[in-house]
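With PDB, N, CA and C atoms inside, this is model38.pdb:
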ATOM      1  N   MET A   1     -40.464  57.228  56.444
ATOM      2  CA  MET A   1     -40.122  58.074  57.571
ATOM      3  C   MET A   1     -40.399  57.329  58.863
ATOM      4  N   GLY A   2     -39.730  57.779  59.923
ATOM      5  CA  GLY A   2     -39.856  57.125  61.208
ATOM      6  C   GLY A   2     -41.181  57.414  61.910
ATOM      7  N   GLU A   3     -41.414  56.666  62.967
ATOM      8  CA  GLU A   3     -42.660  56.788  63.724
ATOM      9  C   GLU A   3     -42.815  58.179  64.347
ATOM     10  N   ALA A   4     -41.724  58.726  64.876
ATOM     11  CA  ALA A   4     -41.792  60.059  65.486
ATOM     12  C   ALA A   4     -42.207  61.101  64.460
ATOM     13  N   TYR A   5     -41.685  60.977  63.255
ATOM     14  CA  TYR A   5     -42.051  61.916  62.193
ATOM     15  C   TYR A   5     -43.534  61.781  61.845
ATOM     16  N   GLN A   6     -44.014  60.577  61.753
ATOM     17  CA  GLN A   6     -45.422  60.348  61.434
ATOM     18  C   GLN A   6     -46.342  60.944  62.503
ATOM     19  N   GLU A   7     -45.941  60.844  63.764
ATOM     20  CA  GLU A   7     -46.719  61.443  64.849
ATOM     21  C   GLU A   7     -46.723  62.967  64.730
ATOM     22  N   LEU A   8     -45.605  63.517  64.334
ATOM     23  CA  LEU A   8     -45.519  64.958  64.138
ATOM     24  C   LEU A   8     -46.435  65.405  63.009
ATOM     25  N   VAL A   9     -46.472  64.661  61.930
ATOM     26  CA  VAL A   9     -47.347  64.978  60.803
ATOM     27  C   VAL A   9     -48.806  64.959  61.254
ATOM     28  N   LYS A  10     -49.169  63.987  62.074
ATOM     29  CA  LYS A  10     -50.544  63.922  62.583
ATOM     30  C   LYS A  10     -50.871  65.153  63.427
ATOM     31  N   THR A  11     -49.956  65.535  64.285
ATOM     32  CA  THR A  11     -50.159  66.701  65.143
ATOM     33  C   THR A  11     -50.298  67.961  64.305
ATOM     34  N   CYS A  12     -49.454  68.119  63.331
ATOM     35  CA  CYS A  12     -49.502  69.319  62.481
ATOM     36  C   CYS A  12     -50.819  69.410  61.722
ATOM     37  N   ALA A  13     -51.377  68.276  61.339
ATOM     38  CA  ALA A  13     -52.650  68.281  60.612
ATOM     39  C   ALA A  13     -53.779  68.824  61.480
ATOM     40  N   LEU A  14     -53.664  68.695  62.791
ATOM     41  CA  LEU A  14     -54.688  69.166  63.716
ATOM     42  C   LEU A  14     -54.461  70.600  64.190
ATOM     43  N   TRP A  15     -53.260  71.115  63.966
ATOM     44  CA  TRP A  15     -52.896  72.439  64.470
ATOM     45  C   TRP A  15     -53.673  73.514  63.711
ATOM     46  N   PRO A  16     -54.287  74.449  64.448
ATOM     47  CA  PRO A  16     -55.045  75.495  63.746
ATOM     48  C   PRO A  16     -54.117  76.380  62.912
ATOM     49  N   ALA A  17     -54.606  76.802  61.778
ATOM     50  CA  ALA A  17     -53.815  77.650  60.884
ATOM     51  C   ALA A  17     -54.688  78.792  60.395
ATOM     52  N   ALA A  18     -54.061  79.905  60.138
ATOM     53  CA  ALA A  18     -54.772  81.069  59.629
ATOM     54  C   ALA A  18     -53.912  81.737  58.571
ATOM     55  N   GLN A  19     -54.536  82.541  57.764
ATOM     56  CA  GLN A  19     -53.785  83.313  56.786
ATOM     57  C   GLN A  19     -52.963  84.364  57.537
ATOM     58  N   VAL A  20     -51.735  84.499  57.134
ATOM     59  CA  VAL A  20     -50.854  85.473  57.750
ATOM     60  C   VAL A  20     -50.730  86.656  56.792
ATOM     61  N   PRO A  21     -50.959  87.875  57.284
ATOM     62  CA  PRO A  21     -50.836  89.030  56.391
ATOM     63  C   PRO A  21     -49.387  89.195  55.918
ATOM     64  N   PRO A  22     -49.183  89.719  54.719
ATOM     65  CA  PRO A  22     -47.826  89.856  54.163
ATOM     66  C   PRO A  22     -46.862  90.616  55.080
ATOM     67  N   GLU A  23     -47.352  91.630  55.782
ATOM     68  CA  GLU A  23     -46.454  92.423  56.638
ATOM     69  C   GLU A  23     -45.926  91.633  57.842
ATOM     70  N   PHE A  24     -46.542  90.487  58.129
ATOM     71  CA  PHE A  24     -46.075  89.651  59.230
ATOM     72  C   PHE A  24     -44.620  89.232  59.026
ATOM     73  N   LYS A  25     -44.236  88.998  57.794
ATOM     74  CA  LYS A  25     -42.876  88.554  57.486
ATOM     75  C   LYS A  25     -41.939  89.715  57.186
ATOM     76  N   GLY A  26     -42.437  90.924  57.324
ATOM     77  CA  GLY A  26     -41.601  92.102  57.101
ATOM     78  C   GLY A  26     -40.740  92.410  58.309
ATOM     79  N   PRO A  27     -39.855  93.368  58.176
ATOM     80  CA  PRO A  27     -38.982  93.721  59.293
ATOM     81  C   PRO A  27     -39.769  94.352  60.446
ATOM     82  N   VAL A  28     -39.329  94.068  61.650
ATOM     83  CA  VAL A  28     -39.902  94.699  62.829
ATOM     84  C   VAL A  28     -39.310  96.096  62.925
ATOM     85  N   LYS A  29     -40.167  97.086  63.060
ATOM     86  CA  LYS A  29     -39.707  98.467  63.215
ATOM     87  C   LYS A  29     -40.092  98.923  64.612
ATOM     88  N   SER A  30     -39.093  99.374  65.372
ATOM     89  CA  SER A  30     -39.374  99.765  66.748
ATOM     90  C   SER A  30     -38.319 100.747  67.239
ATOM     91  N   ASP A  31     -38.746 101.605  68.165
ATOM     92  CA  ASP A  31     -37.800 102.482  68.840
ATOM     93  C   ASP A  31     -37.585 102.023  70.290
ATOM     94  N   ARG A  32     -38.087 100.850  70.634
ATOM     95  CA  ARG A  32     -37.895 100.279  71.972
ATOM     96  C   ARG A  32     -36.467  99.766  72.105
ATOM     97  N   PRO A  33     -35.881  99.856  73.284
ATOM     98  CA  PRO A  33     -34.540  99.299  73.480
ATOM     99  C   PRO A  33     -34.532  97.808  73.148
ATOM    100  N   THR A  34     -33.567  97.399  72.353
ATOM    101  CA  THR A  34     -33.469  96.007  71.912
ATOM    102  C   THR A  34     -32.016  95.560  71.969
ATOM    103  N   LEU A  35     -31.767  94.459  72.641
ATOM    104  CA  LEU A  35     -30.429  93.893  72.738
ATOM    105  C   LEU A  35     -30.373  92.647  71.868
ATOM    106  N   LEU A  36     -29.418  92.613  70.955
ATOM    107  CA  LEU A  36     -29.243  91.477  70.039
ATOM    108  C   LEU A  36     -27.893  90.825  70.327
ATOM    109  N   PHE A  37     -27.900  89.521  70.500
ATOM    110  CA  PHE A  37     -26.661  88.758  70.675
ATOM    111  C   PHE A  37     -26.430  87.903  69.450
ATOM    112  N   SER A  38     -25.179  87.783  69.042
ATOM    113  CA  SER A  38     -24.795  86.859  67.977
ATOM    114  C   SER A  38     -23.499  86.181  68.378
ATOM    115  N   GLY A  39     -23.341  84.940  67.949
ATOM    116  CA  GLY A  39     -22.062  84.271  68.084
ATOM    117  C   GLY A  39     -21.266  84.522  66.817
ATOM    118  N   ALA A  40     -20.023  84.894  66.954
ATOM    119  CA  ALA A  40     -19.193  85.198  65.790
ATOM    120  C   ALA A  40     -19.105  84.007  64.834
ATOM    121  N   ALA A  41     -19.213  82.791  65.368
ATOM    122  CA  ALA A  41     -19.091  81.588  64.549
ATOM    123  C   ALA A  41     -20.429  80.864  64.390
ATOM    124  N   ASP A  42     -21.535  81.583  64.457
ATOM    125  CA  ASP A  42     -22.859  80.958  64.375
ATOM    126  C   ASP A  42     -23.239  80.690  62.924
ATOM    127  N   PRO A  43     -23.343  79.421  62.532
ATOM    128  CA  PRO A  43     -23.725  79.103  61.155
ATOM    129  C   PRO A  43     -25.242  79.146  60.939
ATOM    130  N   VAL A  44     -26.037  79.181  62.020
ATOM    131  CA  VAL A  44     -27.494  79.151  61.923
ATOM    132  C   VAL A  44     -28.049  80.559  61.736
ATOM    133  N   THR A  45     -27.688  81.454  62.641
ATOM    134  CA  THR A  45     -28.104  82.853  62.553
ATOM    135  C   THR A  45     -26.852  83.715  62.714
ATOM    136  N   PRO A  46     -26.126  83.931  61.633
ATOM    137  CA  PRO A  46     -24.858  84.663  61.713
ATOM    138  C   PRO A  46     -25.065  86.126  62.105
ATOM    139  N   PRO A  47     -24.009  86.785  62.568
ATOM    140  CA  PRO A  47     -24.106  88.185  62.971
ATOM    141  C   PRO A  47     -24.734  89.093  61.912
ATOM    142  N   ALA A  48     -24.575  88.790  60.663
ATOM    143  CA  ALA A  48     -25.168  89.617  59.607
ATOM    144  C   ALA A  48     -26.693  89.661  59.723
ATOM    145  N   ASN A  49     -27.295  88.593  60.192
ATOM    146  CA  ASN A  49     -28.753  88.579  60.375
ATOM    147  C   ASN A  49     -29.173  89.604  61.435
ATOM    148  N   ALA A  50     -28.443  89.658  62.533
ATOM    149  CA  ALA A  50     -28.774  90.615  63.588
ATOM    150  C   ALA A  50     -28.511  92.042  63.117
ATOM    151  N   GLU A  51     -27.467  92.235  62.334
ATOM    152  CA  GLU A  51     -27.208  93.569  61.781
ATOM    153  C   GLU A  51     -28.374  94.007  60.906
ATOM    154  N   HIS A  52     -28.876  93.084  60.113
ATOM    155  CA  HIS A  52     -30.032  93.378  59.261
ATOM    156  C   HIS A  52     -31.246  93.738  60.129
ATOM    157  N   ALA A  53     -31.489  92.965  61.171
ATOM    158  CA  ALA A  53     -32.609  93.243  62.077
ATOM    159  C   ALA A  53     -32.428  94.594  62.754
ATOM    160  N   ALA A  54     -31.216  94.906  63.160
ATOM    161  CA  ALA A  54     -30.937  96.162  63.862
ATOM    162  C   ALA A  54     -31.203  97.388  62.990
ATOM    163  N   SER A  55     -31.184  97.204  61.686
ATOM    164  CA  SER A  55     -31.356  98.357  60.793
ATOM    165  C   SER A  55     -32.730  99.018  60.939
ATOM    166  N   THR A  56     -33.707  98.322  61.487
ATOM    167  CA  THR A  56     -35.032  98.917  61.690
ATOM    168  C   THR A  56     -35.387  99.035  63.177
ATOM    169  N   LEU A  57     -34.397  98.828  64.027
ATOM    170  CA  LEU A  57     -34.581  98.947  65.480
ATOM    171  C   LEU A  57     -33.709 100.120  65.945
ATOM    172  N   SER A  58     -34.315 101.285  66.076
ATOM    173  CA  SER A  58     -33.545 102.513  66.275
ATOM    174  C   SER A  58     -32.781 102.586  67.596
ATOM    175  N   HIS A  59     -33.183 101.858  68.610
ATOM    176  CA  HIS A  59     -32.463 101.842  69.886
ATOM    177  C   HIS A  59     -31.979 100.430  70.182
ATOM    178  N   SER A  60     -31.234  99.893  69.240
ATOM    179  CA  SER A  60     -30.749  98.523  69.417
ATOM    180  C   SER A  60     -29.237  98.512  69.606
ATOM    181  N   LEU A  61     -28.788  97.443  70.195
ATOM    182  CA  LEU A  61     -27.360  97.186  70.346
ATOM    183  C   LEU A  61     -27.128  95.729  69.987
ATOM    184  N   HIS A  62     -26.172  95.496  69.113
ATOM    185  CA  HIS A  62     -25.837  94.143  68.682
ATOM    186  C   HIS A  62     -24.472  93.793  69.252
ATOM    187  N   LEU A  63     -24.435  92.794  70.126
ATOM    188  CA  LEU A  63     -23.173  92.316  70.689
ATOM    189  C   LEU A  63     -22.825  90.981  70.056
ATOM    190  N   VAL A  64     -21.610  90.902  69.525
ATOM    191  CA  VAL A  64     -21.121  89.669  68.920
ATOM    192  C   VAL A  64     -20.179  89.005  69.913
ATOM    193  N   VAL A  65     -20.498  87.761  70.274
ATOM    194  CA  VAL A  65     -19.679  87.021  71.236
ATOM    195  C   VAL A  65     -18.560  86.321  70.471
ATOM    196  N   PRO A  66     -17.312  86.724  70.707
ATOM    197  CA  PRO A  66     -16.185  86.143  69.975
ATOM    198  C   PRO A  66     -16.052  84.645  70.208
ATOM    199  N   GLY A  67     -15.751  83.920  69.146
ATOM    200  CA  GLY A  67     -15.462  82.494  69.246
ATOM    201  C   GLY A  67     -16.641  81.610  69.591
ATOM    202  N   GLN A  68     -17.847  82.122  69.552
ATOM    203  CA  GLN A  68     -19.012  81.332  69.923
ATOM    204  C   GLN A  68     -19.921  81.101  68.731
ATOM    205  N   GLY A  69     -20.747  80.065  68.850
ATOM    206  CA  GLY A  69     -21.723  79.735  67.824
ATOM    207  C   GLY A  69     -23.107  80.151  68.268
ATOM    208  N   HIS A  70     -24.053  79.249  68.114
ATOM    209  CA  HIS A  70     -25.451  79.512  68.428
ATOM    210  C   HIS A  70     -25.681  79.397  69.939
ATOM    211  N   GLY A  71     -26.632  80.139  70.477
ATOM    212  CA  GLY A  71     -26.969  80.040  71.894
ATOM    213  C   GLY A  71     -26.054  80.850  72.786
ATOM    214  N   THR A  72     -25.701  82.047  72.374
ATOM    215  CA  THR A  72     -24.729  82.851  73.116
ATOM    216  C   THR A  72     -25.208  83.303  74.491
ATOM    217  N   ILE A  73     -26.503  83.328  74.716
ATOM    218  CA  ILE A  73     -27.031  83.839  75.979
ATOM    219  C   ILE A  73     -26.546  83.014  77.173
ATOM    220  N   ILE A  74     -26.113  81.791  76.943
ATOM    221  CA  ILE A  74     -25.624  80.954  78.040
ATOM    222  C   ILE A  74     -24.102  80.899  78.087
ATOM    223  N   ARG A  75     -23.435  81.725  77.308
ATOM    224  CA  ARG A  75     -21.968  81.707  77.241
ATOM    225  C   ARG A  75     -21.369  82.874  78.017
ATOM    226  N   GLY A  76     -20.334  82.585  78.776
ATOM    227  CA  GLY A  76     -19.609  83.643  79.470
ATOM    228  C   GLY A  76     -20.535  84.496  80.314
ATOM    229  N   CYS A  77     -20.398  85.808  80.157
ATOM    230  CA  CYS A  77     -21.203  86.718  80.972
ATOM    231  C   CYS A  77     -22.394  87.272  80.206
ATOM    232  N   ALA A  78     -22.759  86.668  79.086
ATOM    233  CA  ALA A  78     -23.887  87.169  78.291
ATOM    234  C   ALA A  78     -25.173  87.205  79.099
ATOM    235  N   ALA A  79     -25.399  86.241  79.952
ATOM    236  CA  ALA A  79     -26.626  86.227  80.760
ATOM    237  C   ALA A  79     -26.661  87.422  81.711
ATOM    238  N   ARG A  80     -25.500  87.781  82.267
ATOM    239  CA  ARG A  80     -25.454  88.954  83.154
ATOM    240  C   ARG A  80     -25.708  90.225  82.370
ATOM    241  N   ILE A  81     -25.183  90.300  81.152
ATOM    242  CA  ILE A  81     -25.413  91.477  80.309
ATOM    243  C   ILE A  81     -26.904  91.583  79.982
ATOM    244  N   ALA A  82     -27.516  90.465  79.624
ATOM    245  CA  ALA A  82     -28.948  90.456  79.311
ATOM    246  C   ALA A  82     -29.764  90.859  80.537
ATOM    247  N   ALA A  83     -29.405  90.356  81.704
ATOM    248  CA  ALA A  83     -30.133  90.706  82.930
ATOM    249  C   ALA A  83     -29.987  92.191  83.227
ATOM    250  N   ASP A  84     -28.806  92.734  83.025
ATOM    251  CA  ASP A  84     -28.592  94.164  83.237
ATOM    252  C   ASP A  84     -29.437  94.981  82.266
ATOM    253  N   PHE A  85     -29.497  94.531  81.022
ATOM    254  CA  PHE A  85     -30.325  95.217  80.021
ATOM    255  C   PHE A  85     -31.790  95.228  80.451
ATOM    256  N   VAL A  86     -32.298  94.094  80.912
ATOM    257  CA  VAL A  86     -33.698  94.015  81.337
ATOM    258  C   VAL A  86     -33.933  94.930  82.541
ATOM    259  N   GLU A  87     -32.988  94.923  83.477
ATOM    260  CA  GLU A  87     -33.120  95.774  84.660
ATOM    261  C   GLU A  87     -33.134  97.256  84.303
ATOM    262  N   ARG A  88     -32.202  97.672  83.443
ATOM    263  CA  ARG A  88     -32.071  99.085  83.085
ATOM    264  C   ARG A  88     -33.051  99.502  81.996
ATOM    265  N   GLY A  89     -33.437  98.559  81.140
ATOM    266  CA  GLY A  89     -34.333  98.889  80.039
ATOM    267  C   GLY A  89     -33.702  99.810  79.019
ATOM    268  N   ALA A  90     -32.387  99.715  78.868
ATOM    269  CA  ALA A  90     -31.681 100.607  77.951
ATOM    270  C   ALA A  90     -30.434  99.922  77.412
ATOM    271  N   VAL A  91     -30.034 100.335  76.214
ATOM    272  CA  VAL A  91     -28.802  99.804  75.625
ATOM    273  C   VAL A  91     -27.657 100.809  75.753
ATOM    274  N   GLU A  92     -27.965 102.030  76.150
ATOM    275  CA  GLU A  92     -26.912 103.028  76.304
ATOM    276  C   GLU A  92     -25.921 102.578  77.372
ATOM    277  N   GLY A  93     -24.656 102.871  77.127
ATOM    278  CA  GLY A  93     -23.629 102.506  78.084
ATOM    279  C   GLY A  93     -22.807 101.289  77.685
ATOM    280  N   TRP A  94     -23.274 100.527  76.726
ATOM    281  CA  TRP A  94     -22.523  99.383  76.222
ATOM    282  C   TRP A  94     -21.824  99.795  74.930
ATOM    283  N   THR A  95     -20.839  99.041  74.519
ATOM    284  CA  THR A  95     -20.157  99.334  73.270
ATOM    285  C   THR A  95     -20.398  98.205  72.289
ATOM    286  N   GLN A  96     -20.328  98.515  71.010
ATOM    287  CA  GLN A  96     -20.565  97.511  69.979
ATOM    288  C   GLN A  96     -19.291  96.866  69.462
ATOM    289  N   THR A  97     -18.152  97.150  70.062
ATOM    290  CA  THR A  97     -16.902  96.623  69.547
ATOM    291  C   THR A  97     -16.821  95.119  69.739
ATOM    292  N   ALA A  98     -15.939  94.480  68.999
ATOM    293  CA  ALA A  98     -15.774  93.023  69.093
ATOM    294  C   ALA A  98     -15.342  92.614  70.495
ATOM    295  N   SER A  99     -14.702  93.507  71.227
ATOM    296  CA  SER A  99     -14.273  93.165  72.591
ATOM    297  C   SER A  99     -15.332  93.525  73.625
ATOM    298  N   ALA A 100     -16.534  93.844  73.167
ATOM    299  CA  ALA A 100     -17.589  94.299  74.075
ATOM    300  C   ALA A 100     -17.925  93.275  75.148
ATOM    301  N   MET A 101     -17.678  92.021  74.897
ATOM    302  CA  MET A 101     -18.058  91.006  75.874
ATOM    303  C   MET A 101     -17.142  91.017  77.093
ATOM    304  N   SER A 102     -15.918  91.505  76.974
ATOM    305  CA  SER A 102     -15.033  91.470  78.137
ATOM    306  C   SER A 102     -15.201  92.700  79.012
ATOM    307  N   ALA A 103     -15.348  93.888  78.426
ATOM    308  CA  ALA A 103     -15.458  95.108  79.235
ATOM    309  C   ALA A 103     -16.695  95.094  80.130
ATOM    310  N   PRO A 104     -17.907  94.783  79.608
ATOM    311  CA  PRO A 104     -19.064  94.767  80.497
ATOM    312  C   PRO A 104     -18.960  93.723  81.597
ATOM    313  N   CYS A 105     -18.247  92.653  81.341
ATOM    314  CA  CYS A 105     -18.140  91.594  82.344
ATOM    315  C   CYS A 105     -17.335  92.092  83.546
ATOM    316  N   ARG A 106     -16.378  92.943  83.310
ATOM    317  CA  ARG A 106     -15.591  93.477  84.415
ATOM    318  C   ARG A 106     -16.389  94.486  85.226
ATOM    319  N   SER A 107     -17.336  95.178  84.576
ATOM    320  CA  SER A 107     -18.047  96.250  85.276
ATOM    321  C   SER A 107     -19.311  95.780  85.982
ATOM    322  N   LEU A 108     -19.741  94.543  85.765
ATOM    323  CA  LEU A 108     -20.963  94.063  86.419
ATOM    324  C   LEU A 108     -20.651  93.473  87.778
TER     325      LEU A 108
END

Could you spell out this file's structure in structure tokens?
Amino acid sequence: MGEAYQELVKTCALWPAAQVPPEFKGPVKSDRPTLLFSGAADPVTPPANAEHAASTLSHSLHLVVPGQGHGTIIRGCAARIAADFVERGAVEGWTQTASAMSAPCRSL
């Protein structure tokens, strides 16, 4: 392995570690407003992953950005949608349709 990898191994050996309780890896359950973005063409975290996460988030909205891969928050008007969500603290008022990315962009 390369030198950079060896340095990483050394660092990891020094990193503190603790036992993680089993529920740590379980689904997050919350009624807090939650906005989930997915890229329709994301091979790393596909939209199905966010749908699965949304199943235990009672006030969530999952927006799928058409034609995009990973890192949707920097694509098109997604950053404005995220900023609006943070400002309002609510997901009500948005739609979950595949065209959801164009309608909110016109209204912001």

By how many Å are CA of Ile74 in chain A and CA of Gly93 in chain A apart?
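These two atoms are separated by 21.6 Å.
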
What separation in Å, quoted to one decimal, exists between CA of Pro46 in chain A and CA of Ile73 in chain A?
14.5 Å

Between CA of Ala54 in chain A and atom C of Val20 in chain A, measure the distance and give it in Å to one decimal.
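Atom C of Val20 in chain A lies 23.1 Å from CA of Ala54 in chain A.
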
Counting all atoms listed in the file, the residue among A:Val28, A:Ala41, A:Ile81, A:Ala18 that lies closest to Ser55 in chain A is A:Val28

When DSSP is applied to the backbone of this structure, which of chain A are assigned helix (DSSP H, G or I)? Write them out as an MDAnalysis selection string.
chainID A and resid 3:14 22:25 47:54 72:74 78:88 102:107

Which of A:Tyr5, A:Gln68, A:Pro43, A:Ser58 sits closest to Lys29 in chain A [using only C-alpha atoms]:
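Smallest separation from Lys29 in chain A among the options: A:Ser58.
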
Expanded to explicit residues, what is the PyMOL selection byres (((chain A and resi 40 and name CA) around 9) and name CA) for this file, as number ranges by chain?
A: 38-39, 41-43, 46-47, 64-70

Go through A:Pro16, A:Pro33, A:Gly26, A:Pro21 one by one, measure the shortest atom-to-atom distance of each to Glu87 in chain A using only C-alpha atoms, and give the residue with the smallest value.
A:Pro33

Please report, as a PyMOL selection string, each residue of chain A to which DSSP assigns strand (DSSP E or B) when run on this structure's backbone.
chain A and resi 30+34-39+57+60-65

Where is the centre and how long are the edges: axis-aligned box on range 22-31 of chain A, 3 Å on each side, Å to one decimal, as AutoDock Vina command-line options:
--center_x -43.4 --center_y 95.5 --center_z 62.2 --size_x 17.6 --size_y 19.9 --size_z 22.1

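Closest approach to Leu63 in chain A among A:Leu14, A:Leu35, A:Val91, A:Val9 is made by A:Leu35 (distances from all atoms listed in the file).
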
Smallest atom-to-atom distance to Ser60 in chain A: which of A:Glu7, A:Arg32, A:Pro27, A:Gly89, using only N, CA and C atoms?
A:Arg32

Rebuild range 57-72 of chain A so that it carries N, CA, C and O atoms, then output the result as a CSV table (one decimal), keeping the file's coordinate frame.
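Written file, out.csv:
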chain,number,residue,atom,x,y,z
A,57,LEU,N,-34.4,98.8,64.0
A,57,LEU,CA,-34.6,98.9,65.5
A,57,LEU,C,-33.7,100.1,65.9
A,57,LEU,O,-32.5,100.0,66.2
A,58,SER,N,-34.3,101.3,66.1
A,58,SER,CA,-33.5,102.5,66.3
A,58,SER,C,-32.8,102.6,67.6
A,58,SER,O,-31.8,103.3,67.7
A,59,HIS,N,-33.2,101.9,68.6
A,59,HIS,CA,-32.5,101.8,69.9
A,59,HIS,C,-32.0,100.4,70.2
A,59,HIS,O,-32.3,99.8,71.2
A,60,SER,N,-31.2,99.9,69.2
A,60,SER,CA,-30.7,98.5,69.4
A,60,SER,C,-29.2,98.5,69.6
A,60,SER,O,-28.5,99.4,69.2
A,61,LEU,N,-28.8,97.4,70.2
A,61,LEU,CA,-27.4,97.2,70.3
A,61,LEU,C,-27.1,95.7,70.0
A,61,LEU,O,-27.8,94.8,70.5
A,62,HIS,N,-26.2,95.5,69.1
A,62,HIS,CA,-25.8,94.1,68.7
A,62,HIS,C,-24.5,93.8,69.3
A,62,HIS,O,-23.5,94.4,68.9
A,63,LEU,N,-24.4,92.8,70.1
A,63,LEU,CA,-23.2,92.3,70.7
A,63,LEU,C,-22.8,91.0,70.1
A,63,LEU,O,-23.6,90.1,70.0
A,64,VAL,N,-21.6,90.9,69.5
A,64,VAL,CA,-21.1,89.7,68.9
A,64,VAL,C,-20.2,89.0,69.9
A,64,VAL,O,-19.2,89.6,70.4
A,65,VAL,N,-20.5,87.8,70.3
A,65,VAL,CA,-19.7,87.0,71.2
A,65,VAL,C,-18.6,86.3,70.5
A,65,VAL,O,-18.8,85.4,69.6
A,66,PRO,N,-17.3,86.7,70.7
A,66,PRO,CA,-16.2,86.1,70.0
A,66,PRO,C,-16.1,84.6,70.2
A,66,PRO,O,-16.3,84.2,71.3
A,67,GLY,N,-15.8,83.9,69.1
A,67,GLY,CA,-15.5,82.5,69.2
A,67,GLY,C,-16.6,81.6,69.6
A,67,GLY,O,-16.5,80.4,69.9
A,68,GLN,N,-17.8,82.1,69.6
A,68,GLN,CA,-19.0,81.3,69.9
A,68,GLN,C,-19.9,81.1,68.7
A,68,GLN,O,-19.9,81.8,67.8
A,69,GLY,N,-20.7,80.1,68.8
A,69,GLY,CA,-21.7,79.7,67.8
A,69,GLY,C,-23.1,80.2,68.3
A,69,GLY,O,-23.3,81.2,68.8
A,70,HIS,N,-24.1,79.2,68.1
A,70,HIS,CA,-25.5,79.5,68.4
A,70,HIS,C,-25.7,79.4,69.9
A,70,HIS,O,-25.0,78.7,70.6
A,71,GLY,N,-26.6,80.1,70.5
A,71,GLY,CA,-27.0,80.0,71.9
A,71,GLY,C,-26.1,80.8,72.8
A,71,GLY,O,-25.7,80.4,73.9
A,72,THR,N,-25.7,82.0,72.4
A,72,THR,CA,-24.7,82.9,73.1
A,72,THR,C,-25.2,83.3,74.5
A,72,THR,O,-24.4,83.6,75.3
